[in-house]
$ cat upload-v1.cif   # mmCIF, C-alpha atoms
data_structure
#
loop_
_atom_site.label_atom_id
_atom_site.label_comp_id
_atom_site.auth_asym_id
_atom_site.auth_seq_id
_atom_site.Cartn_x
_atom_site.Cartn_y
_atom_site.Cartn_z
CA MET N 1 -16.12 14.12 -49.18
CA PRO N 2 -17.48 16.71 -46.73
CA LYS N 3 -16.72 16.13 -43.07
CA HIS N 4 -19.60 14.49 -41.19
CA LYS N 5 -21.30 16.83 -38.74
CA ARG N 6 -22.23 15.09 -35.50
CA LYS N 7 -25.84 15.58 -34.43
CA TYR N 8 -26.54 17.58 -31.28
CA ILE N 9 -27.64 15.27 -28.47
CA PRO N 10 -30.53 16.89 -26.61
CA GLN N 11 -30.82 17.05 -22.81
CA THR N 12 -33.87 14.79 -23.00
CA VAL N 13 -31.46 12.03 -24.07
CA LEU N 14 -28.40 13.02 -22.02
CA LEU N 15 -30.21 13.18 -18.68
CA PRO N 16 -31.61 9.60 -18.89
CA LEU N 17 -28.15 8.39 -20.00
CA TRP N 18 -26.50 9.91 -16.91
CA ILE N 19 -29.19 8.41 -14.67
CA LEU N 20 -28.98 4.93 -16.22
CA ALA N 21 -25.17 4.96 -15.93
CA GLY N 22 -25.25 6.22 -12.35
CA GLY N 23 -22.80 8.95 -13.30
CA ARG N 24 -20.05 6.36 -13.81
CA CYS N 25 -18.03 5.00 -16.72
CA GLU N 26 -19.89 2.09 -18.31
CA PHE N 27 -16.75 0.34 -19.56
CA ASP N 28 -16.58 -3.13 -17.99
CA GLY N 29 -14.48 -3.01 -14.80
CA CYS N 30 -13.93 0.76 -14.79
CA ASN N 31 -16.92 2.28 -12.95
CA LYS N 32 -15.00 5.55 -12.55
CA PRO N 33 -17.14 8.40 -11.12
CA LEU N 34 -17.53 11.08 -13.79
CA LEU N 35 -18.86 14.00 -11.76
CA HIS N 36 -15.70 14.65 -9.74
CA ASP N 37 -11.96 14.13 -9.85
CA VAL N 38 -11.06 11.00 -7.85
CA LEU N 39 -7.83 12.53 -6.49
CA THR N 40 -8.85 16.09 -5.54
CA LYS N 41 -12.64 15.47 -5.22
CA THR N 42 -13.18 18.64 -7.31
CA ARG N 43 -16.63 18.68 -8.92
CA CYS N 44 -16.30 18.58 -12.72
CA ASN N 45 -17.71 16.79 -15.77
CA LEU N 46 -15.24 14.09 -16.85
CA ALA N 47 -17.65 12.16 -19.08
CA ASP N 48 -17.68 11.50 -22.80
CA VAL N 49 -20.85 10.42 -24.58
CA ALA N 50 -19.77 7.60 -26.88
CA HIS N 51 -21.61 6.01 -29.77
CA ILE N 52 -21.82 2.24 -30.01
CA ILE N 53 -22.68 2.46 -33.71
CA ALA N 54 -20.77 5.55 -34.86
CA SER N 55 -22.78 8.64 -35.77
CA SER N 56 -20.96 8.56 -39.12
CA PRO N 57 -20.82 5.58 -41.49
CA ASN N 58 -17.05 6.17 -41.68
CA GLY N 59 -16.59 6.16 -37.89
CA PRO N 60 -15.78 3.27 -35.54
CA ARG N 61 -18.49 0.62 -35.93
CA GLY N 62 -20.21 2.87 -38.49
CA ASP N 63 -23.10 1.64 -40.61
CA ASP N 64 -24.48 3.10 -43.87
CA LEU N 65 -28.09 2.80 -42.68
CA LEU N 66 -27.96 2.84 -38.88
CA SER N 67 -25.37 5.55 -38.17
CA ASP N 68 -27.71 8.45 -38.87
CA GLU N 69 -30.78 6.69 -37.47
CA LYS N 70 -29.10 5.79 -34.15
CA SER N 71 -26.98 8.90 -33.69
CA ILE N 72 -29.11 10.32 -30.84
CA ASP N 73 -30.80 7.09 -29.78
CA LEU N 74 -30.38 6.44 -26.03
CA SER N 75 -29.89 2.70 -26.64
CA ASN N 76 -26.87 3.50 -28.84
CA LEU N 77 -25.11 5.82 -26.38
CA MET N 78 -22.69 5.03 -23.56
CA LEU N 79 -21.30 7.20 -20.79
CA LEU N 80 -17.54 6.64 -20.74
CA CYS N 81 -14.46 8.22 -19.21
CA LYS N 82 -12.21 9.87 -21.77
CA ASP N 83 -9.59 7.10 -21.65
CA HIS N 84 -12.05 4.33 -22.43
CA HIS N 85 -13.86 6.36 -25.08
CA LYS N 86 -10.54 6.77 -26.87
CA MET N 87 -9.73 3.07 -26.48
CA VAL N 88 -13.03 1.66 -27.77
CA ASP N 89 -12.84 3.90 -30.83
CA GLU N 90 -9.20 3.03 -31.57
CA TYR N 91 -9.91 -0.72 -31.42
CA PRO N 92 -13.35 -1.24 -33.00
CA ASP N 93 -12.44 -4.82 -33.99
CA ILE N 94 -12.08 -5.69 -30.29
CA TYR N 95 -14.83 -3.45 -28.94
CA THR N 96 -17.54 -4.44 -31.37
CA VAL N 97 -21.18 -3.35 -31.30
CA GLU N 98 -22.14 -6.53 -29.48
CA VAL N 99 -19.37 -6.16 -26.86
CA LEU N 100 -20.30 -2.54 -26.08
CA GLN N 101 -24.02 -3.31 -25.98
CA ASN N 102 -23.34 -6.03 -23.40
CA MET N 103 -21.21 -3.64 -21.32
CA LYS N 104 -23.97 -1.03 -21.37
CA LYS N 105 -26.65 -3.55 -20.49
CA THR N 106 -24.70 -5.11 -17.60
CA HIS N 107 -23.69 -1.76 -16.11
CA GLU N 108 -27.14 -0.21 -16.29
CA GLU N 109 -28.83 -3.31 -14.87
CA THR N 110 -26.39 -3.22 -11.95
CA ILE N 111 -27.10 0.46 -11.27
CA GLU N 112 -30.85 -0.21 -11.42
CA TYR N 113 -30.51 -3.08 -8.96
CA LEU N 114 -28.32 -1.22 -6.46
CA THR N 115 -30.52 1.87 -6.42
CA SER N 116 -33.62 -0.25 -5.85
CA LEU N 117 -32.34 -1.82 -2.61
CA LYS N 118 -34.01 -0.90 0.69
CA ASN N 119 -32.28 0.28 3.87
CA LYS N 120 -32.93 -3.02 5.67
CA GLY N 121 -30.12 -4.54 3.57
CA VAL N 122 -27.45 -2.06 4.67
CA THR N 123 -24.17 -3.39 6.08
CA HIS N 124 -20.94 -1.82 7.30
CA ILE N 125 -17.98 -3.57 5.68
CA VAL N 126 -15.13 -4.14 8.13
CA VAL N 127 -11.64 -4.92 6.81
CA TYR N 128 -8.66 -6.15 8.83
CA THR N 129 -5.22 -7.20 7.55
CA ALA N 130 -1.84 -7.78 9.17
CA ASP N 131 1.46 -9.00 7.76
CA ILE N 132 1.78 -12.80 7.52
CA GLY N 133 5.52 -13.42 7.47
CA ASN N 134 6.83 -11.54 4.43
CA ASN N 135 3.38 -11.49 2.86
CA ILE N 136 1.54 -8.16 3.06
CA PRO N 137 -2.13 -9.00 2.39
CA ARG N 138 -4.55 -6.45 0.98
CA ILE N 139 -8.31 -6.71 0.53
CA ASN N 140 -9.99 -5.11 -2.49
CA PHE N 141 -13.07 -3.14 -1.37
CA GLU N 142 -14.92 -3.84 -4.63
CA HIS N 143 -14.47 -7.58 -4.04
CA THR N 144 -16.10 -7.24 -0.62
CA ILE N 145 -19.08 -5.47 -2.19
CA CYS N 146 -19.51 -8.34 -4.66
CA ALA N 147 -19.48 -10.76 -1.72
CA VAL N 148 -22.24 -9.07 0.29
CA LEU N 149 -24.61 -8.56 -2.65
CA PRO N 150 -27.50 -9.26 -3.06
CA GLU N 151 -28.33 -9.76 0.65
CA TYR N 152 -26.71 -6.46 1.65
CA TYR N 153 -25.18 -3.38 0.15
CA PRO N 154 -22.47 -1.23 1.80
CA LYS N 155 -23.50 1.70 3.97
CA ASN N 156 -20.43 3.72 2.96
CA ASN N 157 -18.15 3.94 -0.07
CA ILE N 158 -15.12 3.04 2.08
CA PRO N 159 -14.78 0.20 4.61
CA ILE N 160 -14.24 0.45 8.34
CA GLU N 161 -10.50 -0.21 8.46
CA LEU N 162 -9.00 -1.96 11.50
CA SER N 163 -5.60 -2.62 9.96
CA CYS N 164 -2.35 -1.20 11.23
CA ILE N 165 -0.51 -0.17 8.07
CA ASN N 166 3.31 -0.28 7.90
CA ASN N 167 4.03 -2.03 11.18
CA ALA N 168 7.82 -1.98 11.52
CA TYR N 169 7.83 -5.15 13.63
CA LYS N 170 7.84 -8.65 12.10
CA ASP N 171 5.85 -11.63 13.34
CA TYR N 172 8.99 -13.38 14.62
CA GLU N 173 9.47 -10.52 17.13
CA ASP N 174 7.58 -10.47 20.44
CA LYS N 175 6.74 -6.79 20.01
CA PHE N 176 4.85 -7.55 16.79
CA TRP N 177 2.07 -9.32 18.70
CA GLU N 178 1.92 -6.72 21.46
CA TYR N 179 1.78 -3.81 19.00
CA GLU N 180 -0.68 -5.38 16.52
CA ARG N 181 -3.02 -6.54 19.26
CA GLU N 182 -3.03 -3.12 20.94
CA GLN N 183 -3.71 -1.34 17.63
CA LEU N 184 -6.52 -3.76 16.77
CA ASN N 185 -8.18 -3.24 20.14
CA ARG N 186 -7.92 0.55 19.92
CA LYS N 187 -9.29 0.72 16.40
CA PHE N 188 -12.12 -1.64 17.28
CA GLU N 189 -13.02 0.53 20.28
CA SER N 190 -13.11 3.77 18.28
CA ASN N 191 -14.35 2.55 14.88
CA ILE N 192 -16.87 -0.13 15.80
CA LYS N 193 -17.80 -0.42 19.47
CA LYS N 194 -18.81 3.22 19.89
CA LEU N 195 -20.95 3.09 16.75
CA VAL N 196 -22.61 -0.14 17.88
CA VAL N 197 -23.40 1.30 21.31
CA CYS N 198 -25.00 4.45 19.88
CA GLY N 199 -27.00 2.42 17.33
CA GLU N 200 -25.33 3.72 14.15
CA ILE N 201 -24.28 0.21 13.05
CA LYS N 202 -27.11 -2.23 12.28
CA HIS N 203 -25.09 -4.97 10.55
CA ILE N 204 -21.41 -5.80 10.04
CA SER N 205 -19.69 -7.81 7.28
CA VAL N 206 -16.15 -8.86 8.22
CA PHE N 207 -13.27 -9.52 5.80
CA ALA N 208 -9.86 -10.35 7.26
CA LEU N 209 -6.42 -11.72 6.31
CA ALA N 210 -3.95 -11.92 9.18
CA PRO N 211 -1.95 -14.33 11.37
CA GLN N 212 -4.25 -16.74 13.16
CA PRO N 213 -3.82 -15.43 16.74
CA LEU N 214 -4.87 -11.96 15.57
CA LEU N 215 -7.90 -13.40 13.76
CA ILE N 216 -8.90 -15.16 16.99
CA GLU N 217 -8.48 -11.88 18.87
CA LEU N 218 -10.67 -10.14 16.27
CA GLY N 219 -13.31 -12.80 16.86
CA ARG N 220 -13.13 -12.19 20.62
CA LEU N 221 -13.74 -8.48 20.07
CA LEU N 222 -16.75 -9.25 17.87
CA SER N 223 -18.26 -11.83 20.22
CA ASP N 224 -20.89 -9.52 21.74
CA ILE N 225 -22.23 -8.40 18.33
CA ASN N 226 -25.03 -10.59 16.98
CA PHE N 227 -25.76 -8.76 13.70
CA ILE N 228 -22.61 -9.88 11.97
CA GLU N 229 -21.43 -12.03 9.05
CA ILE N 230 -17.91 -13.43 8.69
CA TYR N 231 -16.65 -14.02 5.14
CA GLN N 232 -14.08 -16.50 3.84
CA LYS N 233 -11.52 -15.90 1.08
CA HIS N 234 -11.71 -18.79 -1.41
CA ARG N 235 -8.87 -19.68 -3.75
CA GLU N 236 -10.90 -21.73 -6.22
CA PRO N 237 -12.88 -19.86 -7.39
CA ASN N 238 -11.09 -16.64 -6.40
CA THR N 239 -13.84 -14.89 -4.45
CA TRP N 240 -15.03 -13.83 -0.99
CA LYS N 241 -18.61 -14.76 -1.82
CA TRP N 242 -20.11 -17.74 -0.01
CA LEU N 243 -20.41 -20.68 -2.41
CA GLU N 244 -23.20 -23.10 -3.21
CA ASN N 245 -22.26 -26.43 -1.68
CA ASN N 246 -24.65 -28.82 0.04
CA GLU N 247 -22.00 -31.18 1.37
CA PRO N 248 -21.73 -31.08 5.18
CA ILE N 249 -18.28 -31.25 6.77
CA ASP N 250 -17.58 -33.85 9.43
CA PHE N 251 -15.44 -32.08 12.02
CA ILE N 252 -13.71 -34.95 13.80
CA LEU N 253 -12.94 -34.57 17.51
CA GLU N 254 -10.13 -36.76 18.81
CA GLU N 255 -9.83 -36.78 22.60
CA PRO N 256 -6.51 -37.39 24.43
CA LYS N 257 -5.68 -40.90 25.58
CA GLU N 258 -4.02 -39.65 28.76
CA ILE N 259 -5.00 -36.75 30.99
CA PHE N 260 -2.21 -34.41 32.05
CA ASP N 261 -2.24 -31.01 33.73
CA LYS N 262 -1.23 -29.27 30.51
CA VAL N 263 -3.91 -29.02 27.77
CA ALA N 264 -3.46 -28.33 24.04
CA LEU N 265 -5.97 -27.91 21.23
CA ASN N 266 -4.78 -29.01 17.78
CA LEU N 267 -6.87 -27.42 15.00
CA SER N 268 -5.92 -29.22 11.78
CA LEU N 269 -8.37 -27.84 9.22
CA SER N 270 -6.37 -26.04 6.53
CA GLY N 271 -3.34 -28.21 7.15
CA VAL N 272 -2.17 -31.08 9.34
CA ILE N 273 -0.40 -30.31 12.63
CA SER N 274 1.41 -33.37 13.94
CA ASN N 275 1.33 -33.80 17.71
CA ASP N 276 5.13 -33.84 17.95
CA ARG N 277 5.13 -30.19 16.82
CA ILE N 278 3.04 -29.42 19.88
CA THR N 279 4.95 -31.56 22.36
CA SER N 280 8.22 -30.00 21.15
CA VAL N 281 6.87 -26.74 22.56
CA LEU N 282 4.90 -27.92 25.60
CA GLY N 283 6.57 -31.21 26.51
CA ASP N 284 5.43 -34.82 26.31
CA GLU N 285 3.10 -34.61 29.30
CA THR N 286 0.43 -32.72 27.38
CA SER N 287 -3.18 -33.74 26.75
CA ILE N 288 -3.84 -32.95 23.10
CA TRP N 289 -7.40 -32.49 21.87
CA THR N 290 -7.70 -32.42 18.08
CA ILE N 291 -10.32 -31.11 15.68
CA SER N 292 -9.62 -32.27 12.14
CA VAL N 293 -11.28 -33.04 8.80
CA SER N 294 -10.72 -35.88 6.36
CA ASN N 295 -9.10 -33.62 3.75
CA PRO N 296 -7.47 -30.54 5.32
CA ASN N 297 -7.06 -27.64 2.87
CA ASN N 298 -7.37 -23.86 2.66
CA ASP N 299 -10.74 -24.06 0.89
CA ILE N 300 -12.32 -26.52 3.30
CA ILE N 301 -15.04 -24.09 4.44
CA LYS N 302 -17.14 -22.97 1.48
CA THR N 303 -20.57 -22.15 2.93
CA ARG N 304 -22.22 -20.38 5.85
CA GLU N 305 -23.65 -23.71 6.99
CA GLN N 306 -20.20 -25.31 7.18
CA LEU N 307 -18.89 -22.39 9.23
CA SER N 308 -21.89 -22.66 11.55
CA SER N 309 -21.15 -26.37 11.98
CA PHE N 310 -17.59 -25.50 13.04
CA ARG N 311 -18.91 -23.03 15.62
CA ILE N 312 -21.05 -25.77 17.15
CA LYS N 313 -18.05 -28.12 17.32
CA MET N 314 -15.88 -25.44 18.97
CA ARG N 315 -18.55 -24.81 21.60
CA GLU N 316 -18.66 -28.56 22.31
CA VAL N 317 -14.88 -28.77 22.64
CA TYR N 318 -14.59 -25.78 25.00
CA ASN N 319 -17.20 -27.39 27.27
CA LYS N 320 -15.60 -30.85 27.20
CA ILE N 321 -12.09 -29.60 27.94
CA LYS N 322 -13.31 -27.63 30.92
CA SER N 323 -15.30 -30.58 32.28
CA VAL N 324 -12.29 -32.93 31.98
CA HIS N 325 -9.45 -30.61 33.04
CA GLY N 326 -11.20 -28.34 35.54
CA GLN N 327 -11.95 -24.65 35.62
CA ASN N 328 -8.47 -23.58 36.81
CA ASN N 329 -6.66 -24.74 33.68
CA LYS N 330 -5.95 -23.06 30.32
CA ILE N 331 -5.94 -24.21 26.70
CA HIS N 332 -2.83 -23.92 24.51
CA VAL N 333 -4.21 -23.37 20.99
CA PHE N 334 -2.27 -24.46 17.87
CA PRO N 335 -4.35 -23.35 14.84
CA ALA N 336 -4.17 -24.24 11.16
CA CYS N 337 -7.54 -22.91 10.07
CA PRO N 338 -9.30 -21.02 7.29
CA VAL N 339 -9.71 -17.32 8.06
CA SER N 340 -13.40 -17.56 8.94
CA ALA N 341 -12.84 -20.48 11.32
CA ALA N 342 -10.02 -18.67 13.15
CA ILE N 343 -12.31 -15.68 13.75
CA GLU N 344 -15.07 -17.98 15.02
CA ILE N 345 -12.67 -19.57 17.53
CA GLY N 346 -12.59 -16.18 19.23
CA ARG N 347 -16.26 -15.36 18.70
CA VAL N 348 -17.54 -18.55 20.30
CA TRP N 349 -15.20 -18.24 23.32
CA MET N 350 -16.96 -16.87 26.42
CA PRO N 351 -14.76 -15.03 28.92
CA LYS N 352 -16.76 -15.93 32.03
CA ALA N 353 -17.47 -19.54 31.08
CA ASP N 354 -14.44 -20.85 29.17
CA LEU N 355 -10.81 -21.51 30.06
CA PRO N 356 -8.18 -18.92 29.10
CA LEU N 357 -6.53 -19.38 25.69
CA VAL N 358 -2.78 -19.41 25.08
CA LEU N 359 -2.32 -18.73 21.36
CA TYR N 360 0.54 -19.96 19.16
CA ASP N 361 1.58 -19.15 15.61
CA GLN N 362 3.72 -21.14 13.18
CA ASN N 363 6.90 -19.10 12.67
CA ASN N 364 8.90 -19.83 9.52
CA ILE N 365 12.01 -18.04 10.80
CA HIS N 366 12.23 -20.20 13.93
CA LYS N 367 10.64 -23.15 12.06
CA LYS N 368 8.27 -23.95 14.94
CA PHE N 369 5.20 -22.72 16.76
CA VAL N 370 5.90 -19.65 18.91
CA HIS N 371 3.77 -18.11 21.66
CA ALA N 372 1.90 -15.03 20.49
CA PHE N 373 -0.28 -13.89 23.40
CA ASP N 374 -2.96 -15.05 25.85
CA ILE N 375 -6.69 -14.40 25.93
CA ASP N 376 -7.68 -14.37 29.58
#
$ encode --input "upload-v1.cif" --output "structure tokens"
Amino acid sequence: MPKHKRKYIPQTVLLPLWILAGGRCEFDGCNKPLLHDVLTKTRCNLADVAHIIASSPNGPRGDDLLSDEKSIDLSNLMLLCKDHHKMVDEYPDIYTVEVLQNMKKTHEETIEYLTSLKNKGVTHIVVYTADIGNNIPRINFEHTICAVLPEYYPKNNIPIELSCINNAYKDYEDKFWEYEREQLNRKFESNIKKLVVCGEIKHISVFALAPQPLLIELGRLLSDINFIEIYQKHREPNTWKWLENNEPIDFILEEPKEIFDKVALNLSLSGVISNDRITSVLGDETSIWTISVSNPNNDIIKTREQLSSFRIKMREVYNKIKSVHGQNNKIHVFPACPVSAAIEIGRVWMPKADLPLVLYDQNNIHKKFVHAFDID
């Protein structure tokens, strides 16, 4: 049998294929840019034009009637990186015609949507992480993009990074808090504040995973910026995207029975903090104010509306504590909160109106809350 000769694909077909694919691999989850090398950024053509129905009846997913008819049909062609072209052709039983058609359709619809967005939906994605005990959190940039769509799309193809990578100090050392806080403030000043002042940033989307005192500090830094959205990492489902949930949360405020000079704020949202854990640090003569929910858990805040409700409650509590304990006091804060709530604790705090905050963090080495730093 003579070897099948593949038909020449004209530029009138190739050009629309490149445009529809956005110059990226259409294999589901790949999205690799095909006009330059990712490592060296050298401009080069790394694309393969793959057939869904093979151009030969004997090829992968070949068909006696359709192979010749569809061999240069745009609807039958995919732009793939070389690795995925090889894979789909080696495993045609897995990567069937239907599977590849769905990949092509989904990818090209996404490219069409993203390129149709207007500038008014642009956001700068801001990422901040810091070591939590022995856990080194990382935030996937592609996951943040999924979270902001369709309301916004990212201004740049990399986030504004506020993280301090490879901090040699651990969170049970005093220098950890001093060093992390200083780095966060410096990076915020150079990477965000200057761009806000000169008008280059119109909107910010914030994604963070860090010890709670640092999240509160991040919120304090962001407090003067109105065009901002804070996102929450959900465990079930595993996403940063705000969820659809119409159930309001009742944030319960429990006021102290006795009024002492020393004031503590117990924030039991993602977990329960018993008052004896606070008095073991501050002493028995402490007035403990508590914000709690009926079912504390890490996924307690699922929607923007629930986060907004928490902001309102925090504003109420700051005002009440000041009215009861006087303007020359300070609040010792013991937080067990979802990420977004911890950031809002700092955002809603007003330096000229509210009492100073003394922030604590649960330390698993010392098996107790330890003082991190003050916001004054």
$ closest_atom_pairs --input "upload-v1.cif" --of "range 245-271 of chain N" --to "range 282-286 of chain N" --cutoff "6 Å" --atoms "all atoms listed in the file" --output "JSON lines"
{"residue": "N:Phe260", "atom": "CA", "partner": "N:Thr286", "partner_atom": "CA", "distance": 5.6}
{"residue": "N:Lys262", "atom": "CA", "partner": "N:Thr286", "partner_atom": "CA", "distance": 4.9}
{"residue": "N:Val263", "atom": "CA", "partner": "N:Thr286", "partner_atom": "CA", "distance": 5.7}
$ residues_around --input "upload-v1.cif" --residues "Glu344 in chain N" --least-positions-apart "5" --cutoff "10 Å" --atoms "only C-alpha atoms" --output "JSON, numbers by chain"
{"N": [215, 216, 217, 218, 219, 220, 222, 223, 230, 307, 308, 310, 311, 314, 339, 349]}
$ resolve_selection --input "upload-v1.cif" --expression "the PyMOL selection byres ((chain N and resi 25) around 7)" --output "count of residues only"
11
$ atom_distance --input "upload-v1.cif" --atom1 "CA of Ala336 in chain N" --atom2 "CA of Arg277 in chain N"
12.4 Å
$ residues_around --input "upload-v1.cif" --residues "Ile53 in chain N" --least-positions-apart "2" --cutoff "9 Å" --atoms "all atoms listed in the file" --output "list of chain:residue names"
N:His51, N:Ser55, N:Ser56, N:Pro57, N:Gly59, N:Pro60, N:Arg61, N:Gly62, N:Asp63, N:Leu66, N:Ser67, N:Lys70, N:Ser71, N:Asn76, N:Leu77, N:Thr96, N:Val97
$ axis_aligned_box --input "upload-v1.cif" --around "range 23-34 of chain N" --padding-each-side "8 Å" --output "AutoDock Vina command-line options"
--center_x -18.4 --center_y 4.0 --center_z -15.3 --size_x 24.9 --size_y 30.2 --size_z 24.4
$ residues_around --input "upload-v1.cif" --residues "Leu269 in chain N" --least-positions-apart "2" --cutoff "12 Å" --atoms "all atoms listed in the file" --output "PyMOL selection string"
chain N and resi 249-253+266-267+271-273+290-301+307+310+334-342
$ resolve_selection --input "upload-v1.cif" --expression "the PyMOL selection byres ((chain N and resi 8) around 12)" --output "list in words"
Lys5, Arg6, Lys7, Ile9, Pro10, Gln11, Thr12, Val13, Leu14, Val49, Ser55, Asp68, Ser71, Ile72 and Asp73 of chain N
$ resolve_selection --input "upload-v1.cif" --expression "the PyMOL selection byres ((chain N and resi 329) around 12)" --output "list of chain:residue names"
N:Phe260, N:Asp261, N:Lys262, N:Val263, N:Ala264, N:Ser287, N:Tyr318, N:Ile321, N:Lys322, N:Ser323, N:Val324, N:His325, N:Gly326, N:Gln327, N:Asn328, N:Lys330, N:Ile331, N:His332, N:Asp354, N:Leu355, N:Pro356, N:Leu357, N:Val358, N:Asp376
$ residues_around --input "upload-v1.cif" --residues "Asp37 in chain N" --least-positions-apart "6" --cutoff "8 Å" --atoms "all atoms listed in the file" --output "ChimeraX atom specification"
/N:43-44,46
$ closest_atom_pairs --input "upload-v1.cif" --of "range 207-264 of chain N" --to "range 160-165 of chain N" --cutoff "12 Å" --atoms "only C-alpha atoms" --output "Markdown table"
| residue | atom | partner | partner_atom | distance |
| --- | --- | --- | --- | --- |
| N:Phe207 | CA | N:Glu161 | CA | 10.1 |
| N:Ala208 | CA | N:Ser163 | CA | 9.2 |
| N:Leu209 | CA | N:Ser163 | CA | 9.8 |
| N:Ala210 | CA | N:Ser163 | CA | 9.5 |
| N:Leu214 | CA | N:Ser163 | CA | 10.9 |
| N:Leu215 | CA | N:Ser163 | CA | 11.7 |
| N:Leu218 | CA | N:Leu162 | CA | 9.6 |
| N:Leu221 | CA | N:Leu162 | CA | 11.8 |
$ closest_residue --input "upload-v1.cif" --among "N:Met78, N:Ser116, N:Pro248, N:Val127" --to "His143 in chain N" --atoms "only C-alpha atoms"
N:Val127
